[in-house]
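Structure below is work.cif: mmCIF, C-alpha atoms.
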data_model
loop_
_atom_site.label_atom_id
_atom_site.label_comp_id
_atom_site.auth_asym_id
_atom_site.auth_seq_id
_atom_site.Cartn_x
_atom_site.Cartn_y
_atom_site.Cartn_z
CA MET A 1029 17.52 -27.70 -3.53
CA ARG A 1030 15.81 -30.00 -6.05
CA ARG A 1031 12.44 -28.49 -5.22
CA ARG A 1032 13.80 -25.00 -5.87
CA LEU A 1033 15.30 -26.02 -9.20
CA THR A 1034 11.98 -27.60 -10.19
CA ILE A 1035 10.12 -24.39 -9.39
CA ILE A 1036 12.62 -22.31 -11.38
CA GLY A 1037 12.30 -24.71 -14.31
CA ILE A 1038 8.51 -24.44 -14.28
CA ILE A 1039 8.73 -20.63 -14.15
CA LEU A 1040 11.11 -20.59 -17.13
CA ALA A 1041 8.79 -22.90 -19.08
CA VAL A 1042 5.80 -20.65 -18.35
CA ILE A 1043 7.76 -17.58 -19.47
CA GLY A 1044 8.71 -19.44 -22.64
CA LEU A 1045 5.09 -20.32 -23.27
CA GLY A 1046 4.24 -16.62 -22.99
CA PHE A 1047 6.87 -15.75 -25.61
CA VAL A 1048 5.54 -18.44 -27.94
CA ALA A 1049 1.99 -17.12 -27.52
CA GLY A 1050 3.23 -13.58 -28.22
CA GLY A 1051 5.05 -14.76 -31.33
CA GLY A 1052 1.94 -16.56 -32.55
CA TYR A 1053 -0.26 -13.51 -32.00
CA THR A 1054 2.26 -11.28 -33.79
CA TYR A 1055 2.39 -13.72 -36.69
CA MET A 1056 -1.40 -13.67 -37.07
CA GLN A 1057 -1.44 -9.86 -37.07
CA ILE A 1058 1.31 -9.79 -39.68
CA GLN A 1059 -0.63 -12.18 -41.89
CA ASP A 1060 -3.66 -9.89 -41.65
CA GLY A 1061 -1.42 -7.05 -42.79
CA TYR A 1062 -0.14 -9.08 -45.75
CA ASP A 1063 -3.71 -9.96 -46.73
CA SER A 1064 -4.72 -6.29 -46.59
CA LEU A 1065 -1.74 -5.19 -48.66
CA GLN A 1066 -2.45 -7.93 -51.20
CA SER A 1067 -6.08 -6.83 -51.50
CA PHE A 1068 -4.99 -3.23 -51.94
CA SER A 1069 -2.54 -4.25 -54.68
CA GLU A 1070 -5.17 -6.34 -56.45
CA ALA A 1071 -7.65 -3.44 -56.31
CA GLN A 1072 -5.12 -1.13 -57.96
CA ASN A 1073 -4.13 -3.85 -60.47
CA VAL A 1074 -0.72 -2.31 -61.21
CA THR A 1075 1.63 -4.82 -62.83
CA LEU A 1076 5.19 -4.82 -64.12
CA SER A 1077 5.96 -5.74 -67.72
CA TYR A 1078 8.05 -8.76 -68.73
CA ASN A 1079 8.95 -10.16 -72.13
CA ASP A 1080 8.59 -13.79 -73.22
CA ASP A 1081 12.01 -14.56 -71.72
CA GLY A 1082 10.93 -13.33 -68.29
CA GLN A 1083 12.99 -10.14 -68.51
CA LEU A 1084 11.76 -6.81 -67.21
CA VAL A 1085 10.85 -4.37 -69.95
CA ASP A 1086 9.78 -0.75 -70.01
CA ARG A 1087 7.72 0.32 -73.00
CA GLY A 1088 8.72 -2.96 -74.61
CA GLU A 1089 12.48 -2.49 -74.20
CA THR A 1090 14.81 -4.22 -71.76
CA GLU A 1091 17.17 -1.22 -71.97
CA GLY A 1092 14.49 0.98 -70.45
CA ALA A 1093 13.98 -1.41 -67.56
CA GLN A 1094 17.72 -1.57 -66.96
CA ALA A 1095 17.90 2.23 -66.86
CA ILE A 1096 15.18 2.20 -64.19
CA LEU A 1097 17.04 -0.43 -62.16
CA THR A 1098 20.22 1.64 -62.46
CA LEU A 1099 18.38 4.66 -61.06
CA LEU A 1100 17.00 2.52 -58.26
CA GLU A 1101 20.21 0.70 -57.31
CA ASP A 1102 22.94 3.23 -58.12
CA ASP A 1103 21.35 6.64 -57.62
CA TRP A 1104 18.94 5.77 -54.80
CA GLN A 1105 21.10 2.99 -53.29
CA TYR A 1106 18.07 0.75 -52.83
CA PRO A 1107 18.83 -2.96 -52.09
CA VAL A 1108 16.82 -4.63 -54.84
CA ASN A 1109 15.57 -8.12 -54.04
CA GLN A 1110 15.66 -9.87 -57.41
CA SER A 1111 13.39 -12.68 -56.19
CA ASP A 1112 10.58 -10.11 -55.83
CA LEU A 1113 10.76 -9.38 -59.57
CA ASP A 1114 8.89 -12.52 -60.58
CA PRO A 1115 7.48 -12.69 -64.13
CA ASN A 1116 4.96 -15.28 -62.89
CA ASN A 1117 3.62 -12.74 -60.40
CA PRO A 1118 3.82 -9.31 -62.05
CA LEU A 1119 1.42 -7.68 -59.56
CA VAL A 1120 3.12 -4.83 -57.68
CA ASN A 1121 2.83 -6.06 -54.08
CA THR A 1122 6.37 -6.21 -52.63
CA ALA A 1123 8.77 -3.52 -51.45
CA THR A 1124 11.09 -3.99 -54.43
CA GLU A 1125 8.21 -3.86 -56.91
CA TYR A 1126 6.80 -0.72 -55.29
CA MET A 1127 10.21 0.94 -55.46
CA TYR A 1128 10.70 -0.17 -59.06
CA GLN A 1129 7.34 1.33 -60.03
CA MET A 1130 8.29 4.54 -58.21
CA ALA A 1131 11.62 4.64 -60.06
CA THR A 1132 9.72 4.12 -63.34
CA ILE A 1133 7.61 7.23 -62.75
CA VAL A 1134 10.59 9.31 -61.65
CA HIS A 1135 12.74 8.07 -64.55
CA HIS A 1136 10.22 9.17 -67.15
CA THR A 1137 9.68 12.44 -65.31
CA ILE A 1138 13.33 13.50 -65.11
CA ASP A 1139 14.11 12.16 -68.57
CA GLY A 1140 11.25 13.96 -70.29
CA THR A 1141 10.50 17.25 -72.00
CA VAL A 1142 7.70 19.64 -71.16
CA GLU A 1143 6.10 22.34 -73.26
CA VAL A 1144 5.95 25.86 -71.85
CA THR A 1145 4.06 28.74 -73.43
CA LEU A 1146 4.74 32.43 -72.77
CA ASP A 1147 1.88 34.77 -73.66
CA GLU A 1148 4.19 37.77 -73.70
CA ALA A 1149 7.88 38.55 -73.60
CA VAL A 1150 9.49 38.20 -70.17
CA GLU A 1151 12.84 39.52 -69.01
CA TYR A 1152 14.73 37.63 -66.34
CA ASN A 1153 18.28 38.32 -65.11
CA GLY A 1154 19.05 40.42 -68.16
CA GLU A 1155 17.74 37.85 -70.64
CA THR A 1156 14.56 38.35 -72.62
CA PHE A 1157 12.29 35.42 -73.42
CA GLU A 1158 9.98 36.22 -76.29
CA ALA A 1159 6.37 35.16 -76.35
CA GLY A 1160 5.90 31.70 -77.82
CA THR A 1161 6.13 27.98 -77.07
CA TYR A 1162 9.31 26.37 -75.72
CA ASP A 1163 10.33 22.75 -75.21
CA VAL A 1164 12.11 22.57 -71.87
CA GLU A 1165 14.26 19.55 -71.02
CA VAL A 1166 13.83 18.31 -67.47
CA ASP A 1167 17.40 17.03 -67.76
CA GLY A 1168 17.44 14.85 -64.66
CA ARG A 1169 16.20 17.59 -62.35
CA TYR A 1170 14.05 16.92 -59.33
CA TRP A 1171 11.49 19.37 -57.91
CA THR A 1172 14.01 21.39 -55.92
CA ASP A 1173 16.51 21.63 -58.79
CA PHE A 1174 14.43 24.12 -60.77
CA ASP A 1175 14.59 27.91 -60.51
CA ARG A 1176 10.95 28.63 -59.77
CA MET A 1177 11.36 32.34 -60.59
CA HIS A 1178 12.64 31.57 -64.09
CA PRO A 1179 9.90 32.16 -66.69
CA LEU A 1180 10.52 28.78 -68.32
CA GLU A 1181 11.81 26.65 -65.47
CA GLY A 1182 9.08 27.77 -63.09
CA GLN A 1183 6.37 26.49 -65.42
CA ALA A 1184 8.40 23.43 -66.44
CA ARG A 1185 8.76 22.36 -62.81
CA ALA A 1186 5.02 22.43 -62.22
CA ALA A 1187 4.34 20.61 -65.49
CA ALA A 1188 6.96 17.88 -65.01
CA TRP A 1189 6.49 17.38 -61.29
CA SER A 1190 2.74 17.56 -61.29
CA GLY A 1191 0.45 16.73 -58.39
CA THR A 1192 -0.23 13.36 -60.01
CA VAL A 1193 3.47 12.49 -60.04
CA HIS A 1194 3.92 13.56 -56.43
CA GLY A 1195 0.80 11.62 -55.40
CA LEU A 1196 1.89 8.41 -57.12
CA VAL A 1197 5.40 8.61 -55.68
CA GLY A 1198 3.96 9.17 -52.20
CA GLU A 1199 1.50 6.30 -52.53
CA LEU A 1200 4.17 3.91 -53.76
CA GLY A 1201 6.42 5.00 -50.91
CA VAL A 1202 3.70 4.03 -48.44
CA GLY A 1203 3.45 0.61 -50.07
CA THR A 1204 7.20 0.12 -49.79
CA VAL A 1205 7.30 1.07 -46.11
CA THR A 1206 4.24 -1.08 -45.35
CA HIS A 1207 5.74 -4.20 -46.92
CA SER A 1208 9.13 -3.60 -45.27
CA THR A 1209 7.43 -3.16 -41.88
CA LEU A 1210 5.50 -6.39 -42.36
CA GLN A 1211 8.74 -8.22 -43.13
CA MET A 1212 10.30 -6.84 -39.94
CA GLY A 1213 7.21 -7.90 -38.00
CA LEU A 1214 7.44 -11.41 -39.42
CA GLY A 1215 11.06 -11.63 -38.31
CA LEU A 1216 10.07 -10.42 -34.84
CA SER A 1217 7.37 -13.08 -34.54
CA VAL A 1218 9.87 -15.80 -35.44
CA LEU A 1219 12.36 -14.37 -32.92
CA LEU A 1220 9.76 -14.36 -30.15
CA ALA A 1221 8.71 -17.92 -30.91
CA GLY A 1222 12.32 -19.12 -30.98
CA LEU A 1223 13.08 -17.39 -27.69
CA GLY A 1224 9.96 -18.93 -26.18
CA PHE A 1225 10.88 -22.47 -27.23
CA THR A 1226 14.38 -21.91 -25.84
CA PHE A 1227 12.97 -20.91 -22.45
CA MET A 1228 10.57 -23.86 -22.48
CA LEU A 1229 13.37 -26.29 -23.31
CA LEU A 1230 15.64 -24.83 -20.66
CA GLY A 1231 12.90 -24.83 -18.03
CA GLY A 1232 11.79 -28.36 -18.86
CA GLY A 1233 15.34 -29.64 -18.80
CA LEU A 1234 16.03 -27.96 -15.47
CA ALA A 1235 12.89 -29.42 -13.91
CA PHE A 1236 13.69 -32.87 -15.32
CA ALA A 1237 17.25 -32.77 -14.03
CA ALA A 1238 16.07 -31.69 -10.57
CA ARG A 1239 13.75 -34.72 -10.31
CA GLY A 1240 16.56 -37.21 -10.93
CA LYS A 1241 17.77 -39.43 -8.10
CA ASP A 1242 21.12 -38.63 -6.59
CA GLY A 1243 23.64 -41.40 -6.38
CA LYS A 1244 24.43 -42.50 -2.83
CA THR A 1245 28.01 -42.54 -1.69
CA GLU A 1246 28.91 -44.15 1.59
CA VAL A 1247 31.33 -42.11 3.63
CA LYS A 1248 33.06 -43.66 6.63
CA VAL A 1249 32.72 -41.37 9.59
CA PRO A 1250 35.12 -41.70 12.49
CA ASP A 1251 33.59 -42.96 15.71
CA THR A 1252 34.70 -39.81 17.46
CA VAL A 1253 32.17 -37.65 15.48
CA PRO A 1254 28.79 -37.38 17.25
CA GLN A 1255 25.92 -39.08 15.38
CA GLU A 1256 23.74 -35.98 15.77
CA LEU A 1257 26.24 -33.89 13.83
CA VAL A 1258 26.44 -36.49 11.05
CA ASP A 1259 22.63 -36.61 10.70
CA GLU A 1260 22.38 -32.80 10.60
CA HIS A 1261 25.06 -32.54 7.91
CA THR A 1262 23.44 -35.28 5.81
CA SER A 1263 20.04 -33.60 5.99
CA ALA A 1264 21.51 -30.29 4.83
CA ILE A 1265 23.09 -31.93 1.79
CA THR A 1266 20.00 -33.85 0.70
CA ALA A 1267 17.55 -30.99 1.34
#

Would you mind writing the file out in structure tokens?
Amino acid sequence: MRRRLTIIGIILAVIGLGFVAGGGYTYMQIQDGYDSLQSFSEAQNVTLSYNDDGQLVDRGETEGAQAILTLLEDDWQYPVNQSDLDPNNPLVNTATEYMYQMATIVHHTIDGTVEVTLDEAVEYNGETFEAGTYDVEVDGRYWTDFDRMHPLEGQARAAAWSGTVHGLVGELGVGTVTHSTLQMGLGLSVLLAGLGFTFMLLGGGLAFAARGKDGKTEVKVPDTVPQELVDEHTSAITA
């Protein structure tokens, strides 16, 4: 029995060692991913703005930054990690910073005004729009909120939600997902390592316990019991 327990303990320890090795390999791959993302962020050199008090500002105003955070937290329901918004490290290289930068672009897009010019009068749904230049408020509307057939809204949509805006939002979204995935991978590597150490500890403890000496207890056997039967029973217990 002790030999079997020892073998099981060794097997558990080996399995644990495999988990630890897997966790270590995962951790190294995750670090390579962080290094790549950091290099990408440094190449772009996009930074957030803070005032002398370490507060986020947008175009020099804290109110603007708060409006962006409100859009991010309330409208988009994004869980902002305040520790990522570090005035000592303004480089956009974390999920929260990527999302904040995305919200900045969207905020200024949906809160802006675009200029639309009609070369000739256009009638739409019984209303005539004379030739001339119009200032069209985006008024919080996203791409799908515009009537693309409308002579003013159709042009305003393309002007407000330009290819540049869509491209920047998409690129920032990739950065957010990449950083979030790396964080999940880091958690997985820690989980694998912890599980491995648990198996190693359990296996080592089992093997150690199996090698311990059993205490001997003398049992008085009646003279009427054959000695051969006593020896067979004793061997089965100590095997």

**Request:** Between A:Leu1210, A:Ala1235, A:Ala1188, A:Leu1219, single out the one closest to Thr1122 of chain A, counting only C-alpha atoms.
**Result:**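 Looking at the shortest contact to Thr1122 of chain A, the residue is A:Leu1210.
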
**Prompt:** Got a sec to resolve the PyMOL selection byres ((chain A and resi 1149) around 6) on this structure and send the residues as an NGL selection string?
**Reply:** :A and (1148 or 1150 or 1157-1159)

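Each of A:Arg1030, A:Arg1176, A:His1136, A:His1207 was checked against Ala1095 of chain A using only C-alpha atoms; the smallest atom-to-atom distance is that of A:His1136.
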
**Message:** Using the chain letters and numbers from this file, what does the PyMOL selection byres ((chain A and resi 1040-1044) around 8) select? Give the answer as a ChimeraX atom specification.
**Reply:** /A:1036-1039,1045-1048,1223-1232

Translate the PyMOL selection byres ((chain A and resi 1052-1060) around 9) into a concrete residue list for this structure, as a JSON list (two decimals) with C-alpha atoms, in the frame of the given file.
[["chain", "number", "residue", "atom", "x", "y", "z"],
["A", 1047, "PHE", "CA", 6.87, -15.75, -25.61],
["A", 1048, "VAL", "CA", 5.54, -18.44, -27.94],
["A", 1049, "ALA", "CA", 1.99, -17.12, -27.52],
["A", 1050, "GLY", "CA", 3.23, -13.58, -28.22],
["A", 1051, "GLY", "CA", 5.05, -14.76, -31.33],
["A", 1061, "GLY", "CA", -1.42, -7.05, -42.79],
["A", 1062, "TYR", "CA", -0.14, -9.08, -45.75],
["A", 1063, "ASP", "CA", -3.71, -9.96, -46.73],
["A", 1064, "SER", "CA", -4.72, -6.29, -46.59],
["A", 1065, "LEU", "CA", -1.74, -5.19, -48.66],
["A", 1210, "LEU", "CA", 5.50, -6.39, -42.36],
["A", 1211, "GLN", "CA", 8.74, -8.22, -43.13],
["A", 1213, "GLY", "CA", 7.21, -7.90, -38.00],
["A", 1214, "LEU", "CA", 7.44, -11.41, -39.42],
["A", 1216, "LEU", "CA", 10.07, -10.42, -34.84],
["A", 1217, "SER", "CA", 7.37, -13.08, -34.54],
["A", 1218, "VAL", "CA", 9.87, -15.80, -35.44],
["A", 1220, "LEU", "CA", 9.76, -14.36, -30.15],
["A", 1221, "ALA", "CA", 8.71, -17.92, -30.91]]

Dump as a short mmCIF file (atom, residue, chain, number, x, y, z; two decimals) with C-alpha atoms, in the coordinates of the input all residues having an atom at most 10 Å from (6.2, 5.3, -60.3), computed in the file's coordinates with all atoms listed in the file.
data_model
loop_
_atom_site.label_atom_id
_atom_site.label_comp_id
_atom_site.auth_asym_id
_atom_site.auth_seq_id
_atom_site.Cartn_x
_atom_site.Cartn_y
_atom_site.Cartn_z
CA GLU A 1125 8.21 -3.86 -56.91
CA TYR A 1126 6.80 -0.72 -55.29
CA MET A 1127 10.21 0.94 -55.46
CA TYR A 1128 10.70 -0.17 -59.06
CA GLN A 1129 7.34 1.33 -60.03
CA MET A 1130 8.29 4.54 -58.21
CA ALA A 1131 11.62 4.64 -60.06
CA THR A 1132 9.72 4.12 -63.34
CA ILE A 1133 7.61 7.23 -62.75
CA VAL A 1134 10.59 9.31 -61.65
CA HIS A 1135 12.74 8.07 -64.55
CA HIS A 1136 10.22 9.17 -67.15
CA THR A 1137 9.68 12.44 -65.31
CA VAL A 1193 3.47 12.49 -60.04
CA HIS A 1194 3.92 13.56 -56.43
CA GLY A 1195 0.80 11.62 -55.40
CA LEU A 1196 1.89 8.41 -57.12
CA VAL A 1197 5.40 8.61 -55.68
CA GLY A 1198 3.96 9.17 -52.20
CA GLU A 1199 1.50 6.30 -52.53
CA LEU A 1200 4.17 3.91 -53.76
CA GLY A 1201 6.42 5.00 -50.91
#

**Request:** Between A:Asn1153, A:Thr1141, A:Ser1067, A:Thr1161, single out the one closest to His1178 of chain A, counting all atoms listed in the file.
**Result:**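 Going through A:Asn1153, A:Thr1141, A:Ser1067, A:Thr1161 one by one, the smallest distance to His1178 of chain A is for A:Asn1153.
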
**Request:** Check the smallest atom-to-atom distance from each of A:Ser1208, A:Arg1169, A:Asp1175, A:Gln1183 to Asn1109 of chain A using all atoms listed in the file, then report the winner.
**Result:**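 For Asn1109 of chain A, the nearest of the given residues is A:Ser1208.
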
**Asked** Which is closest to Val1166 of chain A among A:Glu1181, A:Glu1151, A:Asp1081, A:Asp1112, if we use all atoms listed in the file?
**Response**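 Closest candidate: A:Glu1181.
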
**Message:** Taking (18.0, 8.8, -61.7) as a centre in this file's frame and 7 Å as the limit, can you find every polymer residue with an atom that close, using all atoms listed in the file, and give them as a count of residues only?
**Reply:** 4

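Checking A:Val1074, A:Met1212, A:Leu1097, A:Ala1238 one by one against Gln1110 of chain A, counting all atoms listed in the file, you find the shortest gap at A:Leu1097.
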
**Asked** Counting all atoms listed in the file, what is within 7 Å of Gly1082 of chain A, bar same-chain residues fewer than 3 positions away, as a PyMOL selection string?
**Response** chain A and resi 1078-1079+1115

Expected file: the selected residues, C-alpha atoms, as a PDB file, in the coordinates of the input:
ATOM      1  CA  TYR A1078       8.050  -8.760 -68.730  1.00  0.00           C
ATOM      2  CA  ASN A1079       8.950 -10.160 -72.130  1.00  0.00           C
ATOM      3  CA  PRO A1115       7.480 -12.690 -64.130  1.00  0.00           C
TER       4      PRO A1115
END
